[in-house]
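Student: My structure file final00.cif, mmCIF, C-alpha atoms and all ligand atoms, is below:
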data_protein
#
loop_
_atom_site.label_atom_id
_atom_site.label_comp_id
_atom_site.auth_asym_id
_atom_site.auth_seq_id
_atom_site.Cartn_x
_atom_site.Cartn_y
_atom_site.Cartn_z
CA ILE A 5 -4.70 -26.68 -10.79
CA PRO A 6 -2.17 -29.34 -9.73
CA THR A 7 -0.04 -28.29 -6.81
CA LYS A 8 2.11 -31.39 -6.40
CA ARG A 9 5.84 -30.74 -6.37
CA VAL A 10 7.45 -33.04 -8.92
CA GLU A 11 10.64 -34.98 -8.23
CA LYS A 12 13.69 -32.88 -7.48
CA ALA A 13 15.98 -32.81 -10.52
CA VAL A 14 19.08 -33.79 -8.60
CA PRO A 15 20.10 -35.18 -5.22
CA TYR A 16 19.70 -32.31 -2.76
CA ASN A 17 22.84 -30.22 -2.23
CA ALA A 18 22.60 -28.36 1.08
CA LEU A 19 25.22 -25.82 -0.08
CA LEU A 20 23.05 -24.58 -2.94
CA PRO A 21 20.01 -22.28 -2.77
CA ASN A 22 16.53 -23.65 -3.45
CA VAL A 23 14.46 -22.38 -6.36
CA THR A 24 11.01 -23.52 -7.47
CA ILE A 25 10.27 -23.42 -11.17
CA TYR A 26 6.59 -22.80 -11.88
CA ALA A 27 5.86 -23.99 -15.39
CA THR A 28 2.88 -22.67 -17.33
CA GLY A 29 3.69 -23.78 -20.91
CA GLY A 30 4.48 -21.51 -23.86
CA THR A 31 7.03 -21.88 -26.62
CA ILE A 32 9.78 -22.69 -24.13
CA ALA A 33 7.79 -25.91 -23.61
CA GLY A 34 6.76 -26.12 -27.26
CA SER A 35 7.50 -28.90 -29.71
CA SER A 36 7.21 -29.72 -33.39
CA SER A 37 8.01 -32.72 -35.59
CA SER A 38 10.34 -30.48 -37.62
CA ASN A 39 13.49 -28.89 -36.17
CA THR A 40 13.18 -25.92 -38.53
CA ASP A 41 9.63 -25.13 -37.50
CA THR A 42 9.49 -21.92 -35.48
CA THR A 43 5.91 -20.91 -36.24
CA GLY A 44 3.62 -23.95 -36.56
CA TYR A 45 4.69 -25.80 -33.40
CA THR A 46 2.50 -26.64 -30.40
CA ALA A 47 3.13 -24.39 -27.40
CA GLY A 48 2.90 -25.96 -23.95
CA SER A 49 3.54 -29.60 -24.77
CA ILE A 50 6.67 -30.50 -22.76
CA GLY A 51 6.51 -31.02 -18.99
CA VAL A 52 8.56 -29.10 -16.43
CA GLN A 53 10.78 -32.04 -15.47
CA VAL A 54 11.84 -32.50 -19.11
CA LEU A 55 12.71 -28.79 -19.31
CA ILE A 56 14.83 -29.09 -16.17
CA ASP A 57 16.52 -32.31 -17.26
CA ALA A 58 17.50 -30.73 -20.58
CA VAL A 59 19.75 -28.25 -18.72
CA PRO A 60 21.88 -30.25 -16.26
CA GLU A 61 24.02 -27.10 -15.65
CA ILE A 62 21.13 -25.89 -13.48
CA THR A 63 22.23 -28.36 -10.83
CA ASN A 64 25.49 -26.41 -10.40
CA VAL A 65 23.64 -23.31 -9.23
CA SER A 66 20.52 -24.47 -7.46
CA ASN A 67 18.35 -27.25 -6.09
CA VAL A 68 15.33 -26.88 -8.32
CA ALA A 69 11.87 -28.31 -7.93
CA GLY A 70 9.26 -28.00 -10.65
CA ILE A 71 5.57 -27.31 -10.32
CA GLN A 72 3.38 -27.67 -13.39
CA VAL A 73 0.84 -24.88 -12.97
CA ALA A 74 -0.52 -25.26 -16.50
CA ASN A 75 0.86 -26.33 -19.87
CA VAL A 76 -0.70 -24.06 -22.45
CA GLY A 77 0.01 -21.26 -24.87
CA SER A 78 0.04 -18.16 -22.68
CA GLY A 79 -3.09 -16.76 -24.31
CA GLN A 80 -4.99 -19.53 -22.49
CA LEU A 81 -3.93 -18.35 -19.04
CA THR A 82 -6.54 -16.53 -16.96
CA PRO A 83 -6.59 -14.12 -14.01
CA SER A 84 -7.63 -16.95 -11.69
CA ILE A 85 -4.60 -19.07 -12.71
CA ILE A 86 -2.30 -16.07 -12.24
CA LEU A 87 -3.86 -15.24 -8.86
CA ASP A 88 -3.23 -18.82 -7.75
CA LEU A 89 0.36 -18.63 -9.06
CA SER A 90 0.98 -15.44 -7.07
CA GLN A 91 -0.29 -17.08 -3.87
CA LYS A 92 1.86 -20.18 -4.48
CA ILE A 93 5.01 -18.11 -5.12
CA GLN A 94 4.39 -16.09 -1.96
CA LYS A 95 4.26 -19.32 0.03
CA SER A 96 7.42 -20.86 -1.47
CA LEU A 97 9.41 -17.65 -0.97
CA ASP A 98 8.12 -17.28 2.59
CA SER A 99 9.14 -20.86 3.34
CA GLY A 100 12.79 -20.38 2.39
CA ASP A 101 13.27 -20.53 -1.38
CA SER A 102 15.91 -18.08 -2.60
CA GLY A 103 13.89 -17.06 -5.61
CA ALA A 104 11.18 -18.18 -8.01
CA VAL A 105 11.25 -18.89 -11.73
CA VAL A 106 8.16 -18.91 -13.93
CA THR A 107 8.39 -20.50 -17.38
CA HIS A 108 5.80 -18.86 -19.58
CA GLY A 109 4.67 -18.15 -23.11
CA THR A 110 5.99 -14.82 -24.30
CA ASP A 111 2.63 -13.57 -25.61
CA THR A 112 1.31 -12.66 -22.16
CA ILE A 113 4.41 -13.00 -19.96
CA GLU A 114 4.34 -9.23 -19.41
CA GLU A 115 0.86 -9.49 -17.88
CA THR A 116 1.74 -12.33 -15.51
CA SER A 117 5.06 -10.84 -14.45
CA PHE A 118 3.42 -7.43 -13.88
CA PHE A 119 0.74 -9.08 -11.73
CA LEU A 120 3.38 -10.94 -9.69
CA ASP A 121 5.39 -7.73 -9.36
CA LEU A 122 2.40 -5.99 -7.78
CA THR A 123 1.19 -8.83 -5.57
CA VAL A 124 4.09 -10.89 -4.16
CA ASN A 125 5.48 -9.30 -1.03
CA THR A 126 9.19 -10.05 -1.25
CA THR A 127 12.61 -8.69 -2.06
CA LYS A 128 13.65 -12.07 -3.48
CA PRO A 129 13.93 -12.34 -7.25
CA ILE A 130 10.94 -13.55 -9.24
CA VAL A 131 12.16 -14.33 -12.75
CA CYS A 132 9.76 -14.93 -15.62
CA VAL A 133 11.29 -16.62 -18.62
CA GLY A 134 10.15 -17.76 -22.05
CA ALA A 135 11.52 -18.53 -25.48
CA MET A 136 10.81 -17.51 -29.03
CA ARG A 137 11.85 -20.84 -30.55
CA PRO A 138 10.31 -24.15 -29.47
CA ALA A 139 12.41 -26.71 -27.60
CA THR A 140 12.66 -28.86 -30.75
CA ALA A 141 14.09 -26.12 -32.99
CA ILE A 142 17.68 -25.73 -34.18
CA SER A 143 19.18 -23.01 -31.94
CA ALA A 144 16.31 -23.21 -29.47
CA ASP A 145 16.72 -20.30 -27.06
CA GLY A 146 14.84 -21.87 -24.14
CA PRO A 147 17.60 -23.89 -22.44
CA MET A 148 20.03 -20.95 -22.05
CA ASN A 149 17.16 -18.66 -21.03
CA LEU A 150 16.13 -21.16 -18.35
CA LEU A 151 19.68 -21.50 -17.02
CA GLN A 152 20.00 -17.71 -16.87
CA ALA A 153 16.63 -17.44 -15.14
CA VAL A 154 17.56 -19.93 -12.42
CA THR A 155 20.94 -18.21 -12.04
CA LEU A 156 19.22 -14.85 -11.65
CA ALA A 157 16.83 -16.29 -9.07
CA THR A 158 19.84 -17.26 -6.93
CA THR A 159 21.83 -14.04 -7.46
CA PRO A 160 21.99 -11.77 -4.36
CA LYS A 161 22.37 -8.66 -6.57
CA ALA A 162 19.04 -9.49 -8.21
CA ALA A 163 17.19 -8.82 -4.95
CA ALA A 164 14.83 -5.85 -4.47
CA ARG A 165 14.45 -5.14 -8.18
CA GLY A 166 10.87 -6.38 -8.47
CA ALA A 167 9.83 -9.21 -10.76
CA MET A 168 11.90 -9.54 -13.92
CA ILE A 169 11.64 -10.93 -17.44
CA ILE A 170 14.66 -12.65 -18.93
CA LEU A 171 15.03 -13.50 -22.61
CA ASN A 172 17.70 -13.05 -25.29
CA ASP A 173 20.39 -12.25 -22.68
CA ARG A 174 18.42 -9.20 -21.51
CA ILE A 175 17.10 -8.59 -18.00
CA GLY A 176 14.00 -6.40 -17.98
CA SER A 177 11.76 -5.15 -15.20
CA ALA A 178 8.33 -6.75 -15.23
CA PHE A 179 6.89 -3.32 -14.52
CA TYR A 180 8.01 -1.75 -17.79
CA THR A 181 8.90 -4.58 -20.15
CA THR A 182 6.63 -5.37 -23.07
CA LYS A 183 6.67 -7.69 -26.08
CA THR A 184 7.40 -5.62 -29.18
CA HIS A 185 7.86 -8.15 -31.99
CA SER A 186 5.74 -11.18 -32.90
CA ASN A 187 8.62 -13.38 -34.11
CA ALA A 188 12.11 -12.11 -33.37
CA LEU A 189 14.29 -13.12 -30.42
CA ASP A 190 14.92 -9.51 -29.40
CA THR A 191 11.25 -8.89 -28.76
CA PHE A 192 11.27 -7.71 -25.12
CA ARG A 193 11.96 -4.06 -24.42
CA GLY A 194 11.41 -1.68 -21.57
CA GLY A 195 10.64 1.30 -23.79
CA ASP A 196 11.96 4.55 -22.34
CA ALA A 197 12.90 2.70 -19.12
CA GLY A 198 15.30 0.37 -20.96
CA TYR A 199 16.77 -2.79 -19.44
CA LEU A 200 17.95 -3.51 -15.91
CA GLY A 201 20.96 -5.44 -17.15
CA LEU A 202 22.19 -8.23 -19.35
CA PHE A 203 23.78 -11.64 -19.22
CA LEU A 204 27.33 -12.40 -20.30
CA GLY A 205 26.96 -16.14 -20.68
CA THR A 206 25.64 -17.08 -17.27
CA LYS A 207 26.88 -13.94 -15.47
CA PRO A 208 24.27 -11.25 -14.84
CA LYS A 209 25.50 -7.66 -15.10
CA PHE A 210 23.24 -4.92 -13.80
CA PHE A 211 23.40 -1.34 -15.08
CA PHE A 212 22.17 0.15 -11.78
CA GLU A 213 21.91 -0.72 -8.11
CA ALA A 214 18.55 -2.17 -7.04
CA SER A 215 15.66 0.26 -7.24
CA LYS A 216 11.88 0.25 -7.29
CA ALA A 217 9.79 1.47 -10.22
CA THR A 218 8.38 4.92 -9.45
CA GLY A 219 4.93 4.75 -7.85
CA LYS A 220 4.69 0.96 -7.99
CA PRO A 221 1.82 -0.07 -5.72
CA PHE A 222 1.48 -3.30 -3.74
CA PHE A 223 -1.73 -5.30 -3.46
CA ASP A 224 -2.27 -8.02 -0.88
CA VAL A 225 -4.14 -10.84 -2.66
CA SER A 226 -3.47 -13.50 -0.04
CA LYS A 227 -7.20 -13.72 0.75
CA THR A 228 -8.56 -12.96 -2.72
CA LYS A 229 -10.56 -15.78 -4.29
CA GLU A 230 -11.77 -14.11 -7.46
CA LEU A 231 -10.75 -10.93 -9.24
CA PRO A 232 -13.23 -8.46 -10.72
CA LYS A 233 -13.83 -8.55 -14.47
CA VAL A 234 -12.00 -5.85 -16.42
CA ASP A 235 -12.21 -5.62 -20.21
CA ILE A 236 -10.19 -3.81 -22.84
CA VAL A 237 -11.84 -1.94 -25.71
CA TYR A 238 -9.53 -1.13 -28.63
CA ALA A 239 -10.04 2.25 -30.29
CA TYR A 240 -10.10 2.74 -34.06
CA GLN A 241 -11.71 5.04 -36.62
CA GLY A 242 -15.45 4.47 -36.70
CA LEU A 243 -15.57 2.32 -33.52
CA ASP A 244 -19.09 1.24 -32.59
CA PRO A 245 -19.36 2.72 -29.07
CA LYS A 246 -21.85 -0.01 -28.11
CA ALA A 247 -18.80 -2.15 -27.20
CA ILE A 248 -18.27 0.02 -24.11
CA VAL A 249 -21.80 -0.14 -22.73
CA ASP A 250 -21.97 -3.85 -23.63
CA ALA A 251 -18.83 -4.54 -21.58
CA ALA A 252 -20.41 -2.84 -18.55
CA LYS A 253 -23.72 -4.67 -19.13
CA ASN A 254 -21.80 -7.96 -19.23
CA GLY A 255 -20.45 -7.44 -15.75
CA ALA A 256 -17.16 -5.59 -16.25
CA LYS A 257 -16.33 -3.54 -13.17
CA GLY A 258 -13.62 -1.77 -15.09
CA ILE A 259 -12.87 -0.99 -18.72
CA VAL A 260 -9.53 -0.02 -20.22
CA ILE A 261 -9.71 1.89 -23.47
CA ALA A 262 -6.73 1.23 -25.74
CA ALA A 263 -7.17 4.80 -26.92
CA MET A 264 -5.35 6.61 -29.71
CA GLY A 265 -2.17 8.66 -29.24
CA ALA A 266 -1.97 10.26 -25.80
CA GLY A 267 -5.48 9.12 -24.88
CA SER A 268 -7.70 10.62 -27.55
CA PHE A 269 -10.92 8.82 -28.35
CA THR A 270 -13.98 9.35 -30.54
CA LYS A 271 -16.74 11.77 -29.46
CA GLU A 272 -19.24 8.89 -29.53
CA GLY A 273 -16.82 6.71 -27.52
CA ASN A 274 -16.47 9.35 -24.80
CA ALA A 275 -20.27 9.69 -24.67
CA ALA A 276 -20.56 5.90 -24.24
CA VAL A 277 -17.99 6.00 -21.43
CA GLU A 278 -20.05 8.71 -19.73
CA GLU A 279 -23.15 6.50 -20.04
CA ALA A 280 -21.36 3.39 -18.74
CA VAL A 281 -19.94 5.30 -15.76
CA ALA A 282 -23.33 6.84 -14.88
CA GLU A 283 -25.46 3.71 -15.36
CA TYR A 284 -23.15 0.91 -14.29
CA GLY A 285 -20.61 2.61 -12.04
CA VAL A 286 -17.65 1.18 -13.98
CA GLN A 287 -14.19 2.71 -13.74
CA VAL A 288 -12.76 3.55 -17.15
CA VAL A 289 -9.04 3.97 -17.76
CA TYR A 290 -7.74 5.67 -20.90
CA SER A 291 -4.54 3.93 -21.98
CA SER A 292 -2.87 4.11 -25.39
CA ARG A 293 -2.55 1.73 -28.30
CA THR A 294 0.74 3.35 -29.41
CA GLY A 295 2.98 1.02 -27.37
CA GLY A 296 4.85 3.77 -25.55
CA GLY A 297 4.52 7.10 -23.79
CA TYR A 298 2.22 8.68 -21.24
CA VAL A 299 -1.52 9.38 -21.24
CA PRO A 300 -1.96 12.56 -19.18
CA SER A 301 -5.74 12.95 -19.26
CA ALA A 302 -8.90 10.96 -19.90
CA GLY A 303 -11.16 11.73 -22.88
CA TYR A 304 -14.15 11.89 -20.54
CA ALA A 305 -13.67 13.81 -17.30
CA GLY A 306 -15.10 10.96 -15.19
CA GLY A 307 -12.51 8.54 -16.55
CA VAL A 308 -8.97 7.84 -15.36
CA ALA A 309 -5.83 8.80 -17.31
CA GLY A 310 -3.68 5.68 -17.84
CA GLY A 311 -0.24 7.28 -17.44
CA PHE A 312 2.62 4.99 -18.51
CA TYR A 313 0.62 1.74 -18.38
CA ASN A 314 -0.06 -0.02 -21.67
CA PRO A 315 -3.59 -1.48 -22.00
CA GLN A 316 -2.71 -5.01 -20.84
CA LYS A 317 -0.80 -3.78 -17.78
CA ALA A 318 -3.49 -1.13 -17.09
CA ARG A 319 -6.06 -3.93 -17.09
CA TYR A 320 -4.32 -5.86 -14.31
CA LEU A 321 -3.62 -2.68 -12.33
CA LEU A 322 -7.28 -1.67 -12.58
CA MET A 323 -8.40 -5.18 -11.61
CA LEU A 324 -6.17 -5.22 -8.54
CA ALA A 325 -7.10 -1.68 -7.52
CA ILE A 326 -10.85 -2.33 -7.83
CA ASN A 327 -10.34 -5.56 -5.87
CA ALA A 328 -8.59 -3.55 -3.15
CA GLY A 329 -11.53 -1.11 -2.97
CA TYR A 330 -9.79 1.94 -4.44
CA THR A 331 -11.94 5.06 -4.81
CA HIS A 332 -11.98 6.94 -8.12
CA GLU A 333 -9.56 9.49 -6.66
CA GLN A 334 -7.15 6.75 -5.57
CA LEU A 335 -7.32 5.26 -9.05
CA VAL A 336 -6.47 8.61 -10.63
CA GLU A 337 -3.50 8.86 -8.29
CA VAL A 338 -2.12 5.34 -8.79
CA PHE A 339 -2.27 5.61 -12.59
CA ALA A 340 -0.64 9.06 -12.59
CA GLN A 341 2.62 7.83 -10.93
N1 LIG B 401 6.93 -17.39 -27.83
C1 LIG B 401 5.86 -17.79 -27.19
O1 LIG B 401 5.95 -18.30 -26.09
C2 LIG B 401 4.54 -17.57 -27.85
C3 LIG B 401 3.46 -18.55 -27.47
N2 LIG B 401 2.37 -18.45 -28.42
C4 LIG B 401 2.91 -18.30 -26.08
O2 LIG B 401 2.82 -17.21 -25.60
O3 LIG B 401 2.54 -19.25 -25.45
#
Written as structure tokens, how would this file's structure read?
Ligand SMILES: NC(=O)C[C@H](N)C(=O)O

Tutor:
Amino acid sequence: IPTKRVEKAVPYNALLPNVTIYATGGTIAGSSSSNTDTTGYTAGSIGVQVLIDAVPEITNVSNVAGIQVANVGSGQLTPSIILDLSQKIQKSLDSGDSGAVVTHGTDTIEETSFFLDLTVNTTKPIVCVGAMRPATAISADGPMNLLQAVTLATTPKAAARGAMIILNDRIGSAFYTTKTHSNALDTFRGGDAGYLGLFLGTKPKFFFEASKATGKPFFDVSKTKELPKVDIVYAYQGLDPKAIVDAAKNGAKGIVIAAMGAGSFTKEGNAAVEEAVAEYGVQVVYSSRTGGGYVPSAGYAGGVAGGFYNPQKARYLLMLAINAGYTHEQLVEVFAQ
């Protein structure tokens, strides 16, 4: 993974705060030969310096430096890239940056931002930003989103709110925000938790004073080199329960079930979970495929109830908790928040 800081976008202005933009690709860096193409474009094809140069207004609010962490559709990102990103952001914030911006594909931005939220020890703003239309499209949303993201990363009132996701003028907490629509600009929502605030042009307006998500844990990954494997098994009528034991056999230390409703699962599935727990010592979290709500209990008594965490967030939480050596009882507690 390249770590070189690219050229600063502007001559350094000592009166302005410093922000590093970590670019990973996505639609915000996507391009197409047609300016009406918003579906068949190539994600992750424009470099970070081009993204910065396209929004000269950024230079009025911050000295920005860009780091190209990756340049891919966000489905191609992996836990090891995100672990490395977390460690890099920790270093740049510790060495004086006012905030950090991550440009990212929207498909998995909620996973990355959740991971950063749980692993970067800071009160400074970490702002993850994407776009739903590629940079080459008419009415591309990326440039304004990027300007708002950099602005947010330099805003004192944005401190101590955890990592955030900004898109479509909305400011969401990384902890609760999820992608809810495959195509539309208003795809990011915080479910029952709502938004933290919104942008009026380039002015952020927060609905509440800074606060921390209830029960949000912190994990020190400064010395972590590799994260344990955690898989997700999606529940459906007639599921072959072999998928669960196979995941454990293939080295998963944890499994998240994207269960039905408030955590219900098939009888055969629960029996397979029992077998995987007994034979392989995996930790199994029952989350829900519904996209909202709370899972209060696990289908098998030796499992863990997933609480408010959707499957993709539960996966990173389980990965980090296993990495930190959590006992089964500690897992039950952290998911119950
Ligand atoms: N809107 C987007 O960014 C979607 C894109 N496929 C990605 O996640 O990389």

Student: Report as a tab-separated table (two decimals) with C-alpha atoms, in the coordinates of the input which protein, DNA and RNA residues come within 6 Å of ligand LIG 401 (chain B), using only C-alpha atoms and all ligand atoms.

Tutor:
chain	number	residue	atom	x	y	z
A	30	GLY	CA	4.48	-21.51	-23.86
A	31	THR	CA	7.03	-21.88	-26.62
A	47	ALA	CA	3.13	-24.39	-27.40
A	77	GLY	CA	0.01	-21.26	-24.87
A	78	SER	CA	0.04	-18.16	-22.68
A	109	GLY	CA	4.67	-18.15	-23.11
A	110	THR	CA	5.99	-14.82	-24.30
A	111	ASP	CA	2.63	-13.57	-25.61
A	112	THR	CA	1.31	-12.66	-22.16
A	134	GLY	CA	10.15	-17.76	-22.05
A	135	ALA	CA	11.52	-18.53	-25.48
A	136	MET	CA	10.81	-17.51	-29.03

Student: Give me the residues within 12 Å of Asn22 (chain A) as a PDB file with C-alpha atoms, keeping the file's coordinate frame, counting all atoms listed in the file and dropping any in the same chain fewer than 6 places off.

Tutor:
ATOM      1  CA  LYS A  12      13.690 -32.880  -7.480  1.00  0.00           C
ATOM      2  CA  ALA A  13      15.980 -32.810 -10.520  1.00  0.00           C
ATOM      3  CA  VAL A  14      19.080 -33.790  -8.600  1.00  0.00           C
ATOM      4  CA  TYR A  16      19.700 -32.310  -2.760  1.00  0.00           C
ATOM      5  CA  ILE A  62      21.130 -25.890 -13.480  1.00  0.00           C
ATOM      6  CA  THR A  63      22.230 -28.360 -10.830  1.00  0.00           C
ATOM      7  CA  ASN A  64      25.490 -26.410 -10.400  1.00  0.00           C
ATOM      8  CA  VAL A  65      23.640 -23.310  -9.230  1.00  0.00           C
ATOM      9  CA  SER A  66      20.520 -24.470  -7.460  1.00  0.00           C
ATOM     10  CA  ASN A  67      18.350 -27.250  -6.090  1.00  0.00           C
ATOM     11  CA  VAL A  68      15.330 -26.880  -8.320  1.00  0.00           C
ATOM     12  CA  ALA A  69      11.870 -28.310  -7.930  1.00  0.00           C
ATOM     13  CA  GLY A  70       9.260 -28.000 -10.650  1.00  0.00           C
ATOM     14  CA  SER A  96       7.420 -20.860  -1.470  1.00  0.00           C
ATOM     15  CA  LEU A  97       9.410 -17.650  -0.970  1.00  0.00           C
ATOM     16  CA  SER A  99       9.140 -20.860   3.340  1.00  0.00           C
ATOM     17  CA  GLY A 100      12.790 -20.380   2.390  1.00  0.00           C
ATOM     18  CA  ASP A 101      13.270 -20.530  -1.380  1.00  0.00           C
ATOM     19  CA  SER A 102      15.910 -18.080  -2.600  1.00  0.00           C
ATOM     20  CA  GLY A 103      13.890 -17.060  -5.610  1.00  0.00           C
ATOM     21  CA  ALA A 104      11.180 -18.180  -8.010  1.00  0.00           C
ATOM     22  CA  VAL A 105      11.250 -18.890 -11.730  1.00  0.00           C
ATOM     23  CA  LYS A 128      13.650 -12.070  -3.480  1.00  0.00           C
ATOM     24  CA  VAL A 154      17.560 -19.930 -12.420  1.00  0.00           C
ATOM     25  CA  THR A 155      20.940 -18.210 -12.040  1.00  0.00           C
ATOM     26  CA  ALA A 157      16.830 -16.290  -9.070  1.00  0.00           C
ATOM     27  CA  THR A 158      19.840 -17.260  -6.930  1.00  0.00           C
ATOM     28  CA  THR A 159      21.830 -14.040  -7.460  1.00  0.00           C
TER      29      THR A 159
END

Student: Write out as JSON, numbers by chain each polymer residue whose atoms come within 8 Å of Asn172 (chain A), counting all atoms listed in the file; drop sequence neighbours fewer than 4 positions from it.

Tutor: {"A": [145, 149, 189, 190]}

Student: Can you tell me how far CA of Ala340 (chain A) sits from CA of Ala282 (chain A), in Å to one decimal?

Tutor: 22.9 Å

Student: Hey, what's within 9 Å of Thr28 (chain A) if we count only C-alpha atoms and toss same-chain stuff fewer than 6 positions away? As a ChimeraX atom specification, please?

Tutor: /A:48,52,71-78,81,106-109

Student: Find the residues near Leu335 (chain A): any atom within 12 Å, counting only C-alpha atoms, skip ones fewer than 3 places away on the same chain, and give them as a PyMOL selection string.

Tutor: chain A and resi 221+258+287-290+306-311+318+321-332+338-341
